[in-house]
Amino acid sequence: MVAVSPVENGPFLLEMRNITKSFPGVHALREVSLKVARGSVHALIGENGAGKSTLMKVLIGMYRMDSGEIWFQGGKVAINNPGEALRHGISMIHQELNPIPGMTIAENVFVGREPVYPVLGPLLGIVNRTLMNRMTVQCFKEIGVDIDPDTVVATLNVAERQMLEIVKAISCNADLIIMDEPTSAITGREVEKLFGIIRTLTARGKSVIYISHKIDELYQISDEITVLRDGQCIGTRPTRELDRSTLISMMVGREISDLFPKEAVEPGPVVLEVQGLCQSDKVKDISFCLRQGEILGISGLMGAGRTELVETLFGLRKASRGTVKIHGQAVRIGSAKDAIGHRMALVSEDRKRFGLNLKDSVRHNVTLVSLARYCRGGVVQSGEEEQACQRQIQRFNIKAYSQGQIANTLSGGNQQKVVIAKWILADPEIIILDEPTRGIDVAAKAEIHRIIVALAKEGKAILMISSELPEIMGMSDRVLVLHEGRLTGEFARKDLNQEAIMVCATGQRSQVQ
Amino acid sequence: MSRTTAIQATSQAGAPNLPVRGILAKYGIYIAFAVLFAILSFSSASFLSVQNVLNVLRQTSLNGIIAVGMTFVIITGGIDLSVGAIVAVSAVVATSFAHPGGYPILVPVVAGLCFGALAGFINGFSIAKGNIAPFIVTLGMMTIVRGAALVFSGGRPIINLTDTYKWIGGGYFLKIPAPVYFFLLVVLAGHFLLAYTKFGRHVYAIGGNEQAARVSGVNVHRIIIAVYTLAGLFAGFAGVVLSSRVMTGSPVAGLGYELDAIAAVVIGGTSLSGGVGSIPGTIIGAMIIGFMSNGLDLLNVSSYYQQIIKGVIIIVAVLLDQKNKQVK
């Protein structure tokens, strides 16, 4: 325990002063300052690679800053690891949640600091399960949730796991809770619930640092917004005094006029035709067709079977029934290799699992699918490969200091561009994009939208899944709506409206029989 | 080479503020080898002689040949515990065809290689198609193959071999021991495959992220099978060389060789979690082990202590490697 002076009780819970941090070749943070008031929600926003995560990792001691000071509860603190941060009362909920799935809720909340019985308990480490369960229920009550503490975590969904993390933070008596993209994997009602919890927390005098790309959310929940750009602090403003266009221009350093640069493309002949496709109980009897130059949006809530549908098309899941025709020819796609052979591409929603080899270089990632083209007799022709990679880096504006940079060290937006570059290099005809802009900042998003439009103009047939209605509505020529594995709606561009899509997505009405 | 040169270019162009630490991280293993070599040269009068160095190289070639195959396996994120036993089965099979008045020299050699490759193929097949952990499959194969060697030889060493066969491990060409050439051949072939071919790229891709590799159209099963077959083939080759060198096909040969090979690979900077590593690193790893035990012999350090020192080196090498990677 590091002593914290209890006398000071000023308005600011946390002050980070002139934090500087550099990595080899990159200045990640330059003289960044951040002040978080007690009982407030402080939003942190900026493009990918702007330094938000780095700043937070410095705060919780995962990174060591080069220079700067951190003041917490009115005293200067030195935090060397997340454990120390927790003892000070700072807890971070990471974007990717890592609970221990085989253990119960209570065990997860108290992992590493289980309450033990008195006297012999500390000596032998005998866990007081009754007390642990009671304390867990109590913590959940504080955020207005009733749970059974003996539920095994593996059975919880993403939103419930997130609540678990929040409860964990509360049970540690954290005064400052950092939430990194907490809504990236949850939907409408769950987001409302999360916001309710956040308001309960701030009403009790706790502070929250809220990192998100979703501007709408910041306006709903935050009191103040700090904008970072290229590792520098652009400014901190009270949310109600900051209008959206100013915010966006602060983030990107320029005005973004057109987020969805949609251009009308005359659709060509049908490329892909799907008839009665089923995949266990995830995809039920789906039929549709896709034309050249067309962007076909797929909308639906979490768990509607959208990802399962495209994974089945791409041969990653076994179809239980149905036919797929490409250019009128029935095809059997049993593996990704088959799909690639039919000139299909899949930009997966989970780029860390399915998209990239994070341990290898940008070049080796970009050319992986098309490697055969740069080989003679199985030997890689490095000159041709480098040229091809260079063209992709330029075309997609990938920010890497060289082709040899390891993918792990790129920002999220640039990683996504590497995945897209890889698939486009293979010259596909049918491009499946599963949440192509998830977790990506505004500027990179616009860039990716421009790329998608350009591909459609080249005559590619594009299937695009997105959970963001504005994206679906802004980009698609036609939209399919899924609900629990079934097709419940189909809309032409001129008939698109948010309410109608939501009605179909929630299964209240089906437009398709 | 293309790998290393690319990385050099990176450090020059992109990261001007990457100082001594970066160089240490990339060439630490080579520097360590040079330092070891220098220290041994100074502390023992007989160490730095052509005769002694060639001798060590010959001893190292066996471990080196096996370690090249092991490098492929470990880069895919796997492990092969059966290579030591494969050395034995290959030795008894090959020597049983190498009696005077028997077959031409090619027959025993090819027989040894085939048995090694076959065992490796079964390893790869079970791992890829059966989806069983490499540790388990190769642990089982280790016992199976060792047993097969005992059955095949009736538990007795096979002796009385042709002079041609004896040349493979004991002969010289241009005053350099023959095994050194074989070692060089395996190293060049291995390095070429890993660094310059599509196959090698796929090996790294699988080790780095198997799922992503599969989605990108890499035939993961085929590559895994090929990698274990290659490891078996090289181990079989080592069995031929060893039996020739000691003029005996012994069913108990190669005990613990798998651990020496893994040690060489790991000291050479290949990550046990897969996706990262190189043949040149492995070679230096094998050389460090070889020259060190030779140097300690010359310095009259008891073989008991040598084992302790070897263990410490393995752990320290990986520790330094980890530290270097953690630089933030």
# chains A, B, ... in the order shown; residues from 1 in each chain; ligands from 1
>>> select_by_dssp(residues="region 67-193 of chain A", states="helix (DSSP H, G or I)", output="CSV table (one decimal) with N, CA and C atoms, in the first residue's frame")
chain,number,residue,atom,x,y,z
A,82,PRO,N,-0.7,-3.2,-12.8
A,82,PRO,CA,-2.1,-3.1,-12.6
A,82,PRO,C,-2.5,-3.4,-11.1
A,83,GLY,N,-1.8,-4.3,-10.5
A,83,GLY,CA,-2.1,-4.6,-9.1
A,83,GLY,C,-2.0,-3.4,-8.2
A,84,GLU,N,-0.9,-2.6,-8.4
A,84,GLU,CA,-0.8,-1.4,-7.6
A,84,GLU,C,-1.9,-0.4,-7.9
A,85,ALA,N,-2.2,-0.4,-9.2
A,85,ALA,CA,-3.3,0.6,-9.6
A,85,ALA,C,-4.6,0.2,-8.9
A,86,LEU,N,-4.8,-1.1,-8.8
A,86,LEU,CA,-6.0,-1.5,-8.1
A,86,LEU,C,-6.0,-1.1,-6.6
A,87,ARG,N,-4.8,-1.3,-6.0
A,87,ARG,CA,-4.7,-0.9,-4.6
A,87,ARG,C,-5.0,0.6,-4.4
A,88,HIS,N,-4.6,1.4,-5.4
A,88,HIS,CA,-4.9,2.8,-5.3
A,88,HIS,C,-6.3,3.1,-5.5
A,105,ILE,N,-19.4,-17.0,-10.9
A,105,ILE,CA,-19.4,-15.6,-10.9
A,105,ILE,C,-18.6,-15.1,-9.7
A,106,ALA,N,-19.0,-15.7,-8.5
A,106,ALA,CA,-18.4,-15.2,-7.2
A,106,ALA,C,-16.9,-15.5,-7.3
A,107,GLU,N,-16.5,-16.7,-7.7
A,107,GLU,CA,-15.1,-17.0,-7.8
A,107,GLU,C,-14.3,-16.0,-8.7
A,108,ASN,N,-15.0,-15.6,-9.8
A,108,ASN,CA,-14.3,-14.7,-10.7
A,108,ASN,C,-14.2,-13.3,-10.1
A,109,VAL,N,-15.2,-12.9,-9.4
A,109,VAL,CA,-15.2,-11.5,-8.8
A,109,VAL,C,-14.0,-11.5,-7.7
A,120,LEU,N,-7.6,-20.0,11.4
A,120,LEU,CA,-6.9,-21.0,10.6
A,120,LEU,C,-7.0,-20.7,9.1
A,121,GLY,N,-8.0,-20.0,8.8
A,121,GLY,CA,-8.3,-19.6,7.4
A,121,GLY,C,-7.1,-19.0,6.7
A,122,PRO,N,-6.5,-17.9,7.2
A,122,PRO,CA,-5.4,-17.3,6.5
A,122,PRO,C,-4.2,-18.3,6.3
A,123,LEU,N,-4.0,-19.1,7.3
A,123,LEU,CA,-2.9,-20.0,7.3
A,123,LEU,C,-3.1,-21.1,6.2
A,124,LEU,N,-4.2,-21.7,6.2
A,124,LEU,CA,-4.5,-22.8,5.3
A,124,LEU,C,-5.2,-22.3,4.0
A,129,ARG,N,-16.8,-19.6,1.3
A,129,ARG,CA,-17.7,-19.4,0.1
A,129,ARG,C,-19.0,-18.7,0.4
A,130,THR,N,-19.5,-19.0,1.6
A,130,THR,CA,-20.7,-18.3,2.0
A,130,THR,C,-20.6,-16.8,2.0
A,131,LEU,N,-19.5,-16.4,2.6
A,131,LEU,CA,-19.2,-14.9,2.7
A,131,LEU,C,-19.0,-14.4,1.3
A,132,MET,N,-18.2,-15.1,0.5
A,132,MET,CA,-17.8,-14.7,-0.9
A,132,MET,C,-19.1,-14.5,-1.7
A,133,ASN,N,-20.0,-15.5,-1.6
A,133,ASN,CA,-21.2,-15.4,-2.4
A,133,ASN,C,-22.1,-14.3,-1.9
A,134,ARG,N,-22.1,-14.1,-0.6
A,134,ARG,CA,-23.0,-13.0,-0.1
A,134,ARG,C,-22.5,-11.6,-0.6
A,135,MET,N,-21.1,-11.5,-0.5
A,135,MET,CA,-20.5,-10.2,-0.9
A,135,MET,C,-20.8,-10.0,-2.4
A,136,THR,N,-20.7,-11.0,-3.2
A,136,THR,CA,-20.9,-10.9,-4.6
A,136,THR,C,-22.4,-10.4,-4.9
A,137,VAL,N,-23.3,-11.1,-4.3
A,137,VAL,CA,-24.7,-10.7,-4.5
A,137,VAL,C,-24.9,-9.2,-4.1
A,138,GLN,N,-24.2,-8.8,-3.0
A,138,GLN,CA,-24.3,-7.5,-2.5
A,138,GLN,C,-23.8,-6.5,-3.6
A,139,CYS,N,-22.6,-6.8,-4.1
A,139,CYS,CA,-22.0,-5.9,-5.2
A,139,CYS,C,-23.0,-5.8,-6.4
A,140,PHE,N,-23.6,-6.9,-6.8
A,140,PHE,CA,-24.5,-6.8,-7.9
A,140,PHE,C,-25.7,-6.0,-7.6
A,141,LYS,N,-26.1,-6.1,-6.4
A,141,LYS,CA,-27.3,-5.3,-6.0
A,141,LYS,C,-27.0,-3.8,-6.1
A,142,GLU,N,-25.7,-3.5,-5.8
A,142,GLU,CA,-25.4,-2.0,-5.9
A,142,GLU,C,-25.6,-1.5,-7.3
A,153,VAL,N,-19.4,-18.9,-15.3
A,153,VAL,CA,-19.2,-17.8,-16.2
A,153,VAL,C,-19.3,-18.2,-17.6
A,154,ALA,N,-19.0,-19.4,-18.0
A,154,ALA,CA,-19.0,-19.8,-19.4
A,154,ALA,C,-20.4,-19.7,-20.0
A,155,THR,N,-21.4,-19.7,-19.1
A,155,THR,CA,-22.8,-19.6,-19.6
A,155,THR,C,-23.3,-18.2,-19.8
A,158,VAL,N,-21.9,-11.7,-23.5
A,158,VAL,CA,-20.9,-10.7,-23.4
A,158,VAL,C,-21.4,-9.6,-22.4
A,159,ALA,N,-22.6,-9.2,-22.5
A,159,ALA,CA,-23.1,-8.1,-21.7
A,159,ALA,C,-23.0,-8.5,-20.2
A,160,GLU,N,-23.4,-9.7,-19.9
A,160,GLU,CA,-23.3,-10.2,-18.5
A,160,GLU,C,-21.9,-10.2,-18.0
A,161,ARG,N,-21.0,-10.7,-18.9
A,161,ARG,CA,-19.6,-10.7,-18.5
A,161,ARG,C,-19.0,-9.3,-18.2
A,162,GLN,N,-19.6,-8.4,-19.0
A,162,GLN,CA,-19.1,-7.0,-18.7
A,162,GLN,C,-19.6,-6.5,-17.4
A,163,MET,N,-20.8,-6.9,-17.0
A,163,MET,CA,-21.3,-6.5,-15.7
A,163,MET,C,-20.4,-7.1,-14.6
A,164,LEU,N,-20.0,-8.4,-14.9
A,164,LEU,CA,-19.1,-9.0,-13.9
A,164,LEU,C,-17.8,-8.2,-13.7
A,165,GLU,N,-17.3,-7.7,-14.8
A,165,GLU,CA,-16.1,-6.9,-14.7
A,165,GLU,C,-16.3,-5.6,-13.9
A,166,ILE,N,-17.5,-5.0,-14.1
A,166,ILE,CA,-17.8,-3.8,-13.4
A,166,ILE,C,-17.9,-4.1,-11.9
A,167,VAL,N,-18.6,-5.2,-11.6
A,167,VAL,CA,-18.8,-5.6,-10.2
A,167,VAL,C,-17.4,-5.9,-9.6
A,168,LYS,N,-16.5,-6.5,-10.3
A,168,LYS,CA,-15.2,-6.8,-9.8
A,168,LYS,C,-14.5,-5.5,-9.4
A,169,ALA,N,-14.7,-4.5,-10.3
A,169,ALA,CA,-14.1,-3.2,-10.0
A,169,ALA,C,-14.7,-2.6,-8.7
A,170,ILE,N,-16.0,-2.7,-8.6
A,170,ILE,CA,-16.7,-2.1,-7.4
A,170,ILE,C,-16.3,-2.8,-6.1
A,171,SER,N,-16.1,-4.2,-6.3
A,171,SER,CA,-15.8,-5.0,-5.1
A,171,SER,C,-14.4,-4.6,-4.6
A,188,GLY,N,-28.4,-2.4,-28.1
A,188,GLY,CA,-29.3,-1.3,-27.6
A,188,GLY,C,-29.7,-1.4,-26.1
A,189,ARG,N,-30.5,-2.4,-25.8
A,189,ARG,CA,-31.0,-2.5,-24.4
A,189,ARG,C,-29.9,-2.7,-23.4
A,190,GLU,N,-28.9,-3.5,-23.8
A,190,GLU,CA,-27.8,-3.7,-22.9
A,190,GLU,C,-27.0,-2.5,-22.7
A,191,VAL,N,-26.9,-1.6,-23.7
A,191,VAL,CA,-26.2,-0.4,-23.6
A,191,VAL,C,-26.9,0.5,-22.6
A,192,GLU,N,-28.2,0.6,-22.7
A,192,GLU,CA,-29.0,1.4,-21.8
A,192,GLU,C,-28.8,0.9,-20.4
A,193,LYS,N,-28.7,-0.4,-20.2
A,193,LYS,CA,-28.5,-0.9,-18.8
A,193,LYS,C,-27.1,-0.5,-18.3
>>> interface_residues(of="chain A", to="chain B", cutoff="6 Å", atoms="only C-alpha atoms", output="PDB file with N, CA and C atoms, in the first residue's frame")
ATOM      1  N   PRO A  24       9.973   2.361 -29.741  1.00  0.00           N
ATOM      2  CA  PRO A  24      10.946   2.447 -30.837  1.00  0.00           C
ATOM      3  C   PRO A  24      10.278   2.964 -32.109  1.00  0.00           C
ATOM      4  N   GLY A  25      10.726   4.110 -32.580  1.00  0.00           N
ATOM      5  CA  GLY A  25      10.225   4.626 -33.851  1.00  0.00           C
ATOM      6  C   GLY A  25       8.935   5.413 -33.764  1.00  0.00           C
ATOM      7  N   ALA A 336     -12.015 -22.899 -46.737  1.00  0.00           N
ATOM      8  CA  ALA A 336     -11.651 -21.560 -47.173  1.00  0.00           C
ATOM      9  C   ALA A 336     -10.890 -21.623 -48.494  1.00  0.00           C
ATOM     10  N   LYS A 337     -10.117 -22.695 -48.657  1.00  0.00           N
ATOM     11  CA  LYS A 337      -9.344 -22.847 -49.884  1.00  0.00           C
ATOM     12  C   LYS A 337     -10.273 -22.934 -51.100  1.00  0.00           C
ATOM     13  N   PHE A 354      -9.042 -14.455 -36.931  1.00  0.00           N
ATOM     14  CA  PHE A 354      -9.146 -14.988 -38.289  1.00  0.00           C
ATOM     15  C   PHE A 354      -8.440 -14.137 -39.338  1.00  0.00           C
ATOM     16  N   GLY A 355      -8.045 -12.925 -38.961  1.00  0.00           N
ATOM     17  CA  GLY A 355      -7.574 -12.019 -39.996  1.00  0.00           C
ATOM     18  C   GLY A 355      -6.070 -11.972 -40.167  1.00  0.00           C
ATOM     19  N   LEU A 356      -5.348 -11.938 -39.058  1.00  0.00           N
ATOM     20  CA  LEU A 356      -3.930 -11.588 -39.132  1.00  0.00           C
ATOM     21  C   LEU A 356      -3.058 -12.599 -38.418  1.00  0.00           C
ATOM     22  N   ASN A 357      -1.801 -12.697 -38.882  1.00  0.00           N
ATOM     23  CA  ASN A 357      -0.769 -13.332 -38.086  1.00  0.00           C
ATOM     24  C   ASN A 357      -0.031 -12.194 -37.394  1.00  0.00           C
ATOM     25  N   LYS A 359       2.191 -12.092 -35.308  1.00  0.00           N
ATOM     26  CA  LYS A 359       3.621 -12.257 -35.036  1.00  0.00           C
ATOM     27  C   LYS A 359       4.466 -12.003 -36.269  1.00  0.00           C
ATOM     28  N   VAL A 369      -2.447 -14.738 -48.922  1.00  0.00           N
ATOM     29  CA  VAL A 369      -3.448 -15.415 -49.745  1.00  0.00           C
ATOM     30  C   VAL A 369      -2.967 -15.572 -51.193  1.00  0.00           C
ATOM     31  N   GLY A 378       7.572 -22.697 -56.297  1.00  0.00           N
ATOM     32  CA  GLY A 378       7.500 -22.730 -54.842  1.00  0.00           C
ATOM     33  C   GLY A 378       8.434 -21.766 -54.149  1.00  0.00           C
ATOM     34  N   VAL A 379       9.287 -21.067 -54.922  1.00  0.00           N
ATOM     35  CA  VAL A 379      10.225 -20.135 -54.313  1.00  0.00           C
ATOM     36  C   VAL A 379       9.681 -18.714 -54.423  1.00  0.00           C
ATOM     37  N   VAL A 380       9.643 -18.025 -53.315  1.00  0.00           N
ATOM     38  CA  VAL A 380       9.090 -16.674 -53.295  1.00  0.00           C
ATOM     39  C   VAL A 380      10.041 -15.714 -54.014  1.00  0.00           C
ATOM     40  N   TYR A 401       5.991   1.713 -40.578  1.00  0.00           N
ATOM     41  CA  TYR A 401       7.273   2.342 -40.902  1.00  0.00           C
ATOM     42  C   TYR A 401       8.091   1.540 -41.900  1.00  0.00           C
ATOM     43  N   SER A 402       7.712   0.282 -42.099  1.00  0.00           N
ATOM     44  CA  SER A 402       8.293  -0.486 -43.194  1.00  0.00           C
ATOM     45  C   SER A 402       7.436  -1.718 -43.423  1.00  0.00           C
ATOM     46  N   GLY A 404       8.407  -4.541 -43.091  1.00  0.00           N
ATOM     47  CA  GLY A 404       8.828  -5.549 -42.130  1.00  0.00           C
ATOM     48  C   GLY A 404       8.245  -5.348 -40.748  1.00  0.00           C
TER      49      GLY A 404
END
>>> select_by_dssp(residues="region 31-194 of chain B", states="strand (DSSP E)", output="list in words")
Tyr172, Phe173, Ile176 and Pro177 of chain B
>>> residues_around(residues="region 439-442 of chain A", least_positions_apart="3", cutoff="10 Å", atoms="only C-alpha atoms", output="PyMOL selection string")
chain A and resi 45-50+95+181+184-185+212-215+248+251-252+256+259+411-416+435-436+445-448
>>> residues_around(residues="Ser41 (chain B)", least_positions_apart="2", cutoff="12 Å", atoms="only C-alpha atoms", output="PyMOL selection string")
chain B and resi 34-39+43-49+52-53+291-292+294-296+298-299
>>> residues_around(residues="Trp167 (chain B)", least_positions_apart="5", cutoff="10 Å", atoms="only C-alpha atoms", output="PyMOL selection string")
chain B and resi 162+172-173+177-179+241+244-245+247
>>> closest_residue(among="A:Ser510, A:Gln73, A:Thr54, A:Ser222", to="Glu15 (chain A)", atoms="only C-alpha atoms")
A:Gln73
>>> atom_distance(atom1="CA of Tyr27 (chain B)", atom2="CA of Ala286 (chain B)")
15.8 Å
>>> residues_around(residues="region 71-83 of chain B", least_positions_apart="3", cutoff="7 Å", atoms="only C-alpha atoms", output="PyMOL selection string")
chain B and resi 67-68+86-87+134-135+138-139+141-142+203-204+206-207+227-228+232+235+258+265+270-277+279
>>> residues_around(residues="Val127 (chain A)", least_positions_apart="2", cutoff="7 Å", atoms="only C-alpha atoms", output="list of chain:residue names")
A:Glu114, A:Pro115, A:Val116, A:Tyr117, A:Gly125, A:Arg129
>>> decode(residues="region 228-251 of chain B", atoms="N, CA and C atoms", output="PDB file, in the first residue's frame")
ATOM      1  N   TYR B 228       6.244 -32.607 -39.957  1.00  0.00           N
ATOM      2  CA  TYR B 228       6.648 -33.742 -39.110  1.00  0.00           C
ATOM      3  C   TYR B 228       7.366 -34.809 -39.923  1.00  0.00           C
ATOM      4  N   THR B 229       6.952 -34.967 -41.202  1.00  0.00           N
ATOM      5  CA  THR B 229       7.657 -35.915 -42.059  1.00  0.00           C
ATOM      6  C   THR B 229       9.099 -35.469 -42.240  1.00  0.00           C
ATOM      7  N   LEU B 230       9.273 -34.170 -42.438  1.00  0.00           N
ATOM      8  CA  LEU B 230      10.619 -33.613 -42.609  1.00  0.00           C
ATOM      9  C   LEU B 230      11.464 -33.861 -41.354  1.00  0.00           C
ATOM     10  N   ALA B 231      10.856 -33.630 -40.198  1.00  0.00           N
ATOM     11  CA  ALA B 231      11.581 -33.847 -38.939  1.00  0.00           C
ATOM     12  C   ALA B 231      11.984 -35.318 -38.815  1.00  0.00           C
ATOM     13  N   GLY B 232      11.071 -36.224 -39.198  1.00  0.00           N
ATOM     14  CA  GLY B 232      11.378 -37.652 -39.157  1.00  0.00           C
ATOM     15  C   GLY B 232      12.477 -38.022 -40.137  1.00  0.00           C
ATOM     16  N   LEU B 233      12.401 -37.425 -41.319  1.00  0.00           N
ATOM     17  CA  LEU B 233      13.406 -37.690 -42.356  1.00  0.00           C
ATOM     18  C   LEU B 233      14.800 -37.293 -41.876  1.00  0.00           C
ATOM     19  N   PHE B 234      14.906 -36.087 -41.310  1.00  0.00           N
ATOM     20  CA  PHE B 234      16.208 -35.614 -40.846  1.00  0.00           C
ATOM     21  C   PHE B 234      16.706 -36.476 -39.687  1.00  0.00           C
ATOM     22  N   ALA B 235      15.787 -36.878 -38.804  1.00  0.00           N
ATOM     23  CA  ALA B 235      16.190 -37.744 -37.692  1.00  0.00           C
ATOM     24  C   ALA B 235      16.681 -39.088 -38.237  1.00  0.00           C
ATOM     25  N   GLY B 236      15.994 -39.596 -39.282  1.00  0.00           N
ATOM     26  CA  GLY B 236      16.431 -40.833 -39.927  1.00  0.00           C
ATOM     27  C   GLY B 236      17.823 -40.685 -40.498  1.00  0.00           C
ATOM     28  N   PHE B 237      18.075 -39.546 -41.113  1.00  0.00           N
ATOM     29  CA  PHE B 237      19.391 -39.258 -41.682  1.00  0.00           C
ATOM     30  C   PHE B 237      20.441 -39.263 -40.568  1.00  0.00           C
ATOM     31  N   ALA B 238      20.101 -38.640 -39.451  1.00  0.00           N
ATOM     32  CA  ALA B 238      21.022 -38.613 -38.319  1.00  0.00           C
ATOM     33  C   ALA B 238      21.314 -40.036 -37.838  1.00  0.00           C
ATOM     34  N   GLY B 239      20.292 -40.914 -37.881  1.00  0.00           N
ATOM     35  CA  GLY B 239      20.481 -42.311 -37.482  1.00  0.00           C
ATOM     36  C   GLY B 239      21.496 -43.013 -38.375  1.00  0.00           C
ATOM     37  N   VAL B 240      21.406 -42.743 -39.683  1.00  0.00           N
ATOM     38  CA  VAL B 240      22.354 -43.342 -40.627  1.00  0.00           C
ATOM     39  C   VAL B 240      23.773 -42.867 -40.303  1.00  0.00           C
ATOM     40  N   VAL B 241      23.917 -41.551 -40.137  1.00  0.00           N
ATOM     41  CA  VAL B 241      25.246 -40.986 -39.888  1.00  0.00           C
ATOM     42  C   VAL B 241      25.817 -41.531 -38.572  1.00  0.00           C
ATOM     43  N   LEU B 242      24.988 -41.566 -37.546  1.00  0.00           N
ATOM     44  CA  LEU B 242      25.447 -42.030 -36.229  1.00  0.00           C
ATOM     45  C   LEU B 242      25.900 -43.490 -36.274  1.00  0.00           C
ATOM     46  N   SER B 243      25.061 -44.350 -36.895  1.00  0.00           N
ATOM     47  CA  SER B 243      25.401 -45.773 -36.903  1.00  0.00           C
ATOM     48  C   SER B 243      26.674 -46.008 -37.704  1.00  0.00           C
ATOM     49  N   SER B 244      26.880 -45.209 -38.721  1.00  0.00           N
ATOM     50  CA  SER B 244      28.086 -45.334 -39.517  1.00  0.00           C
ATOM     51  C   SER B 244      29.308 -44.882 -38.710  1.00  0.00           C
ATOM     52  N   ARG B 245      29.117 -43.784 -37.991  1.00  0.00           N
ATOM     53  CA  ARG B 245      30.220 -43.214 -37.216  1.00  0.00           C
ATOM     54  C   ARG B 245      30.680 -44.194 -36.128  1.00  0.00           C
ATOM     55  N   VAL B 246      29.721 -44.828 -35.417  1.00  0.00           N
ATOM     56  CA  VAL B 246      30.104 -45.745 -34.346  1.00  0.00           C
ATOM     57  C   VAL B 246      30.171 -47.191 -34.842  1.00  0.00           C
ATOM     58  N   MET B 247      29.959 -47.383 -36.159  1.00  0.00           N
ATOM     59  CA  MET B 247      30.087 -48.684 -36.819  1.00  0.00           C
ATOM     60  C   MET B 247      29.169 -49.728 -36.195  1.00  0.00           C
ATOM     61  N   THR B 248      28.034 -49.253 -35.660  1.00  0.00           N
ATOM     62  CA  THR B 248      27.088 -50.155 -35.005  1.00  0.00           C
ATOM     63  C   THR B 248      25.667 -49.619 -35.195  1.00  0.00           C
ATOM     64  N   GLY B 249      24.745 -50.527 -35.464  1.00  0.00           N
ATOM     65  CA  GLY B 249      23.345 -50.122 -35.445  1.00  0.00           C
ATOM     66  C   GLY B 249      22.753 -50.507 -34.106  1.00  0.00           C
ATOM     67  N   SER B 250      22.686 -49.536 -33.182  1.00  0.00           N
ATOM     68  CA  SER B 250      22.261 -49.872 -31.828  1.00  0.00           C
ATOM     69  C   SER B 250      20.815 -49.447 -31.587  1.00  0.00           C
ATOM     70  N   PRO B 251      19.996 -50.363 -31.056  1.00  0.00           N
ATOM     71  CA  PRO B 251      18.600 -50.002 -30.785  1.00  0.00           C
ATOM     72  C   PRO B 251      18.444 -49.034 -29.614  1.00  0.00           C
TER      73      PRO B 251
END
